[in-house]
Amino acid sequence: MLPKVEIVNLNKSFYKDGVEIKVLDNINLKLYDGEFVSIIGPSGCGKSTIFSIICNLQNQDSGDIIVDGKKDNINKRFAYMPQKDLLFPWRKLKDNMILPLEIQGEDKNNSYKKVDSLFDQFGLSGFENAYPNELSGGMKQRAALLRTFLIDSDIMLLDEPFGAIDAINRDKLQVWLLDVWSKFKRSVFFITHSIDEAIYLSDRIYVLSDRPASVKLEIKIDLERPRDKKIITSQKFMDYKACLLSALE
Ligand SMILES: Nc1ncnc2c1ncn2[C@@H]1O[C@H](COP(=O)(O)OP(=O)(O)OP(=O)(O)O)[C@@H](O)[C@H]1O
Ligand SMILES: [Mg+2]
């Protein structure tokens with residue numbers, strides 16, 4: 001099967017005061033259709049840089065991003081959620097939500113209609129007219145995720161979407177994300193610092209090394225879906241965790 005996204009021999013350095021800082025060292029990653037793949041690795045190793053290169057916000061020094069088998073002229077939009085939620089504080093929630101549709105040139109009233117049914121699904125109904133500062137941290141993250149799901153793309157790049165959420169709410173958001181993901185059938189690259197989160201959510205996990213990032217380990221997570229939160233106490237889950245922890249040492 002052809003991967004949805006294939007990252008081949010990706011290299012990238014930044015330069016500060018003429019000194020080279022090598023960030024990505026021959027990174028190879030694959031994402032298949034409908035797959036949920038997590039990327040974990042130490043802070044500052046280069047994870048977000050990979051996403052910004054995939055989205056063409058930065059150029060690689062060498063290597064290829066192949067989407068649906070094509071290398072050149074990828075006129076492809078990705079549903080990208082950056083590390084910060086990036087909701088506009090001066091826009092009501094519903095107006096933040098329709099942003100991707102507005103950018104596509106959709107009529108405002110049609111856009112409201114399209115997002116209307118989703119507020120409930122994303123646990124945000126009743127807050128359509130609220131401004132971001134009136135929302136809890138968890139609600140802001142769900143809103144940012146809802147907006148990302150509205151981008152008309154089958155490939156999602158989520159950069160630590162739950163990084164700033166407390167443990168209890170984070171657990172709830174993970175369960176919720178798997179539920180919406182199974183309904184929307186998207187291919188997801190997911191960056192996280194949490195090993196538990198990566199195992200619970202993913203079909204496969206890549207572990208990156210310290211900077212310059214290289215792929216240290218790739219493991220397949222063979223746990224049945226839909227996943228019950230209780231699996232985090234199973235022996236299989238613990239075995240995956242031990243394996244990932246030792247790769248991160
Ligand atoms: N535009 C830039 N110019 C110069 N250096 C940069 C730039 N972007 C990132 N870097 C450097 O590249 C390295 C990797 O950054 P990146 O944001 O990709 O790390 P990360 O793995 O996402 O970290 P974190 O887990 O903390 O989010 C860091 O040392 C960072 O300082
Ligand atoms: Mg990052």
# chains A, B, ... in the order shown; residues from 1 in each chain; ligands from 1

call {"tool": "select_by_dssp", "arguments": {"residues": "stretch 9-189 of chain A", "states": "strand (DSSP E)", "output": "PyMOL selection string"}}
result
chain A and resi 9-16+19-31+36-40+62-67+79-81+155-159+187-189

call {"tool": "closest_atom_pairs", "arguments": {"of": "chain A", "to": "ligand 2", "cutoff": "9 Å", "atoms": "only C-alpha atoms and all ligand atoms", "output": "tab-separated table"}}
result
residue	atom	partner	partner_atom_place_in_ligand_line	distance
A:Ser43	CA	ligand 2	1 (Mg)	7.0
A:Gly44	CA	ligand 2	1 (Mg)	6.7
A:Cys45	CA	ligand 2	1 (Mg)	8.3
A:Gly46	CA	ligand 2	1 (Mg)	7.0
A:Lys47	CA	ligand 2	1 (Mg)	5.5
A:Ser48	CA	ligand 2	1 (Mg)	4.1
A:Thr49	CA	ligand 2	1 (Mg)	7.3
A:Pro82	CA	ligand 2	1 (Mg)	8.5
A:Gln83	CA	ligand 2	1 (Mg)	6.4
A:Asp159	CA	ligand 2	1 (Mg)	6.7
A:Glu160	CA	ligand 2	1 (Mg)	7.4
A:Ile191	CA	ligand 2	1 (Mg)	7.8
A:Thr192	CA	ligand 2	1 (Mg)	8.7

call {"tool": "write_last_selection", "arguments": {"atoms": "C-alpha atoms", "output": "short mmCIF file (atom, residue, chain, number, x, y, z; two decimals), in the first residue's frame"}}
result
data_model
loop_
_atom_site.label_atom_id
_atom_site.label_comp_id
_atom_site.auth_asym_id
_atom_site.auth_seq_id
_atom_site.Cartn_x
_atom_site.Cartn_y
_atom_site.Cartn_z
CA SER A 43 12.31 18.74 23.91
CA GLY A 44 14.11 20.73 21.24
CA CYS A 45 15.06 17.69 19.16
CA GLY A 46 13.25 18.91 16.03
CA LYS A 47 9.68 17.53 16.10
CA SER A 48 7.88 20.79 15.31
CA THR A 49 10.46 21.52 12.62
CA PRO A 82 0.48 24.27 15.71
CA GLN A 83 1.81 23.89 19.24
CA ASP A 159 1.61 19.28 17.49
CA GLU A 160 1.15 18.53 21.20
CA ILE A 191 3.51 14.96 18.41
CA THR A 192 3.49 14.38 22.15
#

call {"tool": "residues_around", "arguments": {"residues": "A:Arg147", "least_positions_apart": "4", "cutoff": "7 Å", "atoms": "only C-alpha atoms", "output": "PyMOL selection string"}}
result
chain A and resi 97+143+151

call {"tool": "residues_around", "arguments": {"residues": "A:Leu146", "least_positions_apart": "6", "cutoff": "9 Å", "atoms": "only C-alpha atoms", "output": "count of residues only"}}
result
5

call {"tool": "residues_near_ligand", "arguments": {"ligand": "ligand 1", "cutoff": "10 Å", "atoms": "only C-alpha atoms and all ligand atoms", "output": "PyMOL selection string"}}
result
chain A and resi 12-16+20-24+39-53+57-58+83+159-160+163+191-193+208-213

call {"tool": "closest_residue", "arguments": {"among": "A:Arg142, A:Lys94, A:Lys183, A:Lys230", "to": "A:Asn109", "atoms": "only C-alpha atoms"}}
result
A:Lys94

call {"tool": "residues_around", "arguments": {"residues": "A:Arg186", "least_positions_apart": "4", "cutoff": "10 Å", "atoms": "only C-alpha atoms", "output": "list in words"}}
result
Asp33, Gly34, Glu35, Phe36, Ala79, Phe149, Ser153, Asp154, Ile155, Met156, Val180, Trp181 and Ser182 of chain A

call {"tool": "write_last_selection", "arguments": {"atoms": "N, CA and C atoms", "output": "JSON list (two decimals), in the first residue's frame"}}
result
[["chain", "number", "residue", "atom", "x", "y", "z"],
["A", 33, "ASP", "N", -2.80, 5.55, 5.08],
["A", 33, "ASP", "CA", -4.17, 6.05, 5.07],
["A", 33, "ASP", "C", -4.94, 5.61, 6.32],
["A", 34, "GLY", "N", -5.51, 6.56, 7.02],
["A", 34, "GLY", "CA", -6.33, 6.26, 8.18],
["A", 34, "GLY", "C", -5.55, 5.92, 9.44],
["A", 35, "GLU", "N", -4.22, 6.04, 9.35],
["A", 35, "GLU", "CA", -3.38, 5.66, 10.49],
["A", 35, "GLU", "C", -3.23, 6.80, 11.49],
["A", 36, "PHE", "N", -2.99, 6.42, 12.75],
["A", 36, "PHE", "CA", -2.67, 7.39, 13.80],
["A", 36, "PHE", "C", -1.24, 7.10, 14.25],
["A", 79, "ALA", "N", -4.20, 19.67, 7.42],
["A", 79, "ALA", "CA", -4.89, 20.21, 8.58],
["A", 79, "ALA", "C", -3.86, 20.25, 9.70],
["A", 149, "PHE", "N", -10.14, 20.01, 12.34],
["A", 149, "PHE", "CA", -10.94, 19.00, 11.63],
["A", 149, "PHE", "C", -11.72, 19.61, 10.47],
["A", 153, "SER", "N", -8.96, 18.45, 4.50],
["A", 153, "SER", "CA", -7.75, 17.68, 4.20],
["A", 153, "SER", "C", -7.86, 16.34, 4.87],
["A", 154, "ASP", "N", -7.31, 15.31, 4.25],
["A", 154, "ASP", "CA", -7.37, 13.99, 4.88],
["A", 154, "ASP", "C", -6.14, 13.72, 5.74],
["A", 155, "ILE", "N", -5.22, 14.70, 5.81],
["A", 155, "ILE", "CA", -4.02, 14.51, 6.61],
["A", 155, "ILE", "C", -3.95, 15.56, 7.71],
["A", 156, "MET", "N", -3.87, 15.09, 8.97],
["A", 156, "MET", "CA", -3.80, 16.02, 10.10],
["A", 156, "MET", "C", -2.43, 15.95, 10.75],
["A", 180, "VAL", "N", -13.66, 11.08, 17.85],
["A", 180, "VAL", "CA", -13.87, 11.90, 16.65],
["A", 180, "VAL", "C", -12.98, 11.43, 15.49],
["A", 181, "TRP", "N", -11.79, 10.99, 15.82],
["A", 181, "TRP", "CA", -10.89, 10.49, 14.76],
["A", 181, "TRP", "C", -11.52, 9.29, 14.05],
["A", 182, "SER", "N", -12.13, 8.38, 14.83],
["A", 182, "SER", "CA", -12.73, 7.19, 14.20],
["A", 182, "SER", "C", -13.91, 7.58, 13.32]]

call {"tool": "select_by_dssp", "arguments": {"residues": "stretch 20-138 of chain A", "states": "alpha helix (DSSP H)", "output": "count of residues only"}}
result
34

call {"tool": "closest_residue", "arguments": {"among": "A:Arg77, A:Lys84, A:Lys70, A:Arg91", "to": "A:Leu158", "atoms": "only C-alpha atoms"}}
result
A:Lys84

call {"tool": "atom_distance", "arguments": {"atom1": "atom CA of A:Ile231", "atom2": "atom CA of A:Val175"}}
result
12.1 Å

call {"tool": "closest_residue", "arguments": {"among": "A:Lys4, A:Gly123, A:Asp239, A:Ile232", "to": "A:Val37", "atoms": "only C-alpha atoms"}}
result
A:Lys4

call {"tool": "atom_distance", "arguments": {"atom1": "atom CA of A:Arg225", "atom2": "atom CA of A:Leu2"}}
result
23.0 Å

call {"tool": "atom_distance", "arguments": {"atom1": "atom CA of A:Tyr240", "atom2": "atom CA of A:Leu10"}}
result
26.9 Å

call {"tool": "residues_around", "arguments": {"residues": "A:Lys140", "least_positions_apart": "6", "cutoff": "10 Å", "atoms": "only C-alpha atoms", "output": "CSV table (one decimal) with N, CA and C atoms, in the first residue's frame"}}
result
chain,number,residue,atom,x,y,z
A,85,ASP,N,-2.6,27.2,20.5
A,85,ASP,CA,-3.9,27.0,20.0
A,85,ASP,C,-4.3,28.0,18.9
A,86,LEU,N,-3.7,29.2,19.0
A,86,LEU,CA,-3.9,30.2,18.0
A,86,LEU,C,-5.3,30.6,17.6
A,87,LEU,N,-6.1,30.7,18.7
A,87,LEU,CA,-7.5,31.2,18.5
A,87,LEU,C,-7.4,32.7,18.5
A,93,LEU,N,-16.2,32.4,19.4
A,93,LEU,CA,-15.9,31.0,19.1
A,93,LEU,C,-16.3,30.6,17.7
A,124,LEU,N,-18.8,21.8,22.9
A,124,LEU,CA,-18.7,23.2,23.0
A,124,LEU,C,-20.1,23.9,22.8
A,131,TYR,N,-16.0,34.4,23.7
A,131,TYR,CA,-14.7,34.7,23.2
A,131,TYR,C,-13.7,33.8,23.9
A,132,PRO,N,-12.5,33.5,23.2
A,132,PRO,CA,-11.6,32.5,23.8
A,132,PRO,C,-11.2,32.7,25.2
A,133,ASN,N,-11.2,34.0,25.7
A,133,ASN,CA,-10.8,34.2,27.1
A,133,ASN,C,-11.9,33.7,28.1
A,134,GLU,N,-13.1,33.4,27.6
A,134,GLU,CA,-14.1,32.9,28.4
A,134,GLU,C,-14.2,31.4,28.5
A,146,LEU,N,-11.3,21.3,16.7
A,146,LEU,CA,-12.5,21.3,15.9
A,146,LEU,C,-12.2,22.1,14.6

call {"tool": "decode", "arguments": {"residues": "stretch 31-93 of chain A", "atoms": "C-alpha atoms", "output": "PDB file, in the first residue's frame"}}
result
ATOM      1  CA  LEU A  31       1.959   7.603   7.479  1.00  0.00           C
ATOM      2  CA  TYR A  32      -0.580   5.266   5.898  1.00  0.00           C
ATOM      3  CA  ASP A  33      -4.172   6.050   5.073  1.00  0.00           C
ATOM      4  CA  GLY A  34      -6.333   6.263   8.183  1.00  0.00           C
ATOM      5  CA  GLU A  35      -3.380   5.658  10.491  1.00  0.00           C
ATOM      6  CA  PHE A  36      -2.674   7.394  13.804  1.00  0.00           C
ATOM      7  CA  VAL A  37       1.086   7.788  14.212  1.00  0.00           C
ATOM      8  CA  SER A  38       2.804   9.510  17.125  1.00  0.00           C
ATOM      9  CA  ILE A  39       6.224  11.089  17.203  1.00  0.00           C
ATOM     10  CA  ILE A  40       7.940  11.364  20.566  1.00  0.00           C
ATOM     11  CA  GLY A  41      11.361  12.690  21.437  1.00  0.00           C
ATOM     12  CA  PRO A  42      13.217  15.050  23.789  1.00  0.00           C
ATOM     13  CA  SER A  43      12.309  18.735  23.907  1.00  0.00           C
ATOM     14  CA  GLY A  44      14.107  20.730  21.244  1.00  0.00           C
ATOM     15  CA  CYS A  45      15.058  17.692  19.159  1.00  0.00           C
ATOM     16  CA  GLY A  46      13.248  18.909  16.030  1.00  0.00           C
ATOM     17  CA  LYS A  47       9.683  17.531  16.100  1.00  0.00           C
ATOM     18  CA  SER A  48       7.881  20.791  15.308  1.00  0.00           C
ATOM     19  CA  THR A  49      10.464  21.522  12.624  1.00  0.00           C
ATOM     20  CA  ILE A  50       9.393  18.332  10.812  1.00  0.00           C
ATOM     21  CA  PHE A  51       5.782  19.568  10.731  1.00  0.00           C
ATOM     22  CA  SER A  52       6.748  23.019   9.510  1.00  0.00           C
ATOM     23  CA  ILE A  53       8.719  21.439   6.658  1.00  0.00           C
ATOM     24  CA  ILE A  54       5.813  19.128   5.741  1.00  0.00           C
ATOM     25  CA  CYS A  55       3.559  22.210   5.572  1.00  0.00           C
ATOM     26  CA  ASN A  56       6.135  24.074   3.524  1.00  0.00           C
ATOM     27  CA  LEU A  57       6.536  26.808   6.132  1.00  0.00           C
ATOM     28  CA  GLN A  58      10.254  26.072   6.074  1.00  0.00           C
ATOM     29  CA  ASN A  59      12.515  24.431   3.529  1.00  0.00           C
ATOM     30  CA  GLN A  60      14.521  21.307   4.141  1.00  0.00           C
ATOM     31  CA  ASP A  61      18.228  21.182   3.252  1.00  0.00           C
ATOM     32  CA  SER A  62      17.694  17.822   1.599  1.00  0.00           C
ATOM     33  CA  GLY A  63      15.154  15.022   1.492  1.00  0.00           C
ATOM     34  CA  ASP A  64      11.651  14.598   0.165  1.00  0.00           C
ATOM     35  CA  ILE A  65       8.090  14.907   1.345  1.00  0.00           C
ATOM     36  CA  ILE A  66       6.021  12.524  -0.742  1.00  0.00           C
ATOM     37  CA  VAL A  67       2.253  12.814  -0.541  1.00  0.00           C
ATOM     38  CA  ASP A  68       0.010  10.255  -2.255  1.00  0.00           C
ATOM     39  CA  GLY A  69       3.042   9.082  -4.207  1.00  0.00           C
ATOM     40  CA  LYS A  70       3.888  12.545  -5.543  1.00  0.00           C
ATOM     41  CA  LYS A  71       7.046  14.443  -4.760  1.00  0.00           C
ATOM     42  CA  ASP A  72       6.806  17.603  -6.808  1.00  0.00           C
ATOM     43  CA  ASN A  73       4.076  20.199  -7.060  1.00  0.00           C
ATOM     44  CA  ILE A  74       2.316  18.921  -3.988  1.00  0.00           C
ATOM     45  CA  ASN A  75      -0.525  21.322  -4.025  1.00  0.00           C
ATOM     46  CA  LYS A  76      -1.712  19.785  -0.848  1.00  0.00           C
ATOM     47  CA  ARG A  77      -3.260  21.387   2.182  1.00  0.00           C
ATOM     48  CA  PHE A  78      -2.673  19.839   5.548  1.00  0.00           C
ATOM     49  CA  ALA A  79      -4.891  20.207   8.579  1.00  0.00           C
ATOM     50  CA  TYR A  80      -2.142  21.557  10.815  1.00  0.00           C
ATOM     51  CA  MET A  81      -2.599  22.435  14.465  1.00  0.00           C
ATOM     52  CA  PRO A  82       0.480  24.269  15.706  1.00  0.00           C
ATOM     53  CA  GLN A  83       1.806  23.891  19.236  1.00  0.00           C
ATOM     54  CA  LYS A  84      -0.140  26.975  20.396  1.00  0.00           C
ATOM     55  CA  ASP A  85      -3.930  26.992  19.958  1.00  0.00           C
ATOM     56  CA  LEU A  86      -3.876  30.248  17.961  1.00  0.00           C
ATOM     57  CA  LEU A  87      -7.490  31.208  18.460  1.00  0.00           C
ATOM     58  CA  PHE A  88      -8.059  34.871  17.650  1.00  0.00           C
ATOM     59  CA  PRO A  89      -9.009  36.588  20.932  1.00  0.00           C
ATOM     60  CA  TRP A  90     -11.180  39.182  19.177  1.00  0.00           C
ATOM     61  CA  ARG A  91     -13.325  36.595  17.388  1.00  0.00           C
ATOM     62  CA  LYS A  92     -16.250  34.772  18.958  1.00  0.00           C
ATOM     63  CA  LEU A  93     -15.869  30.997  19.097  1.00  0.00           C
TER      64      LEU A  93
END
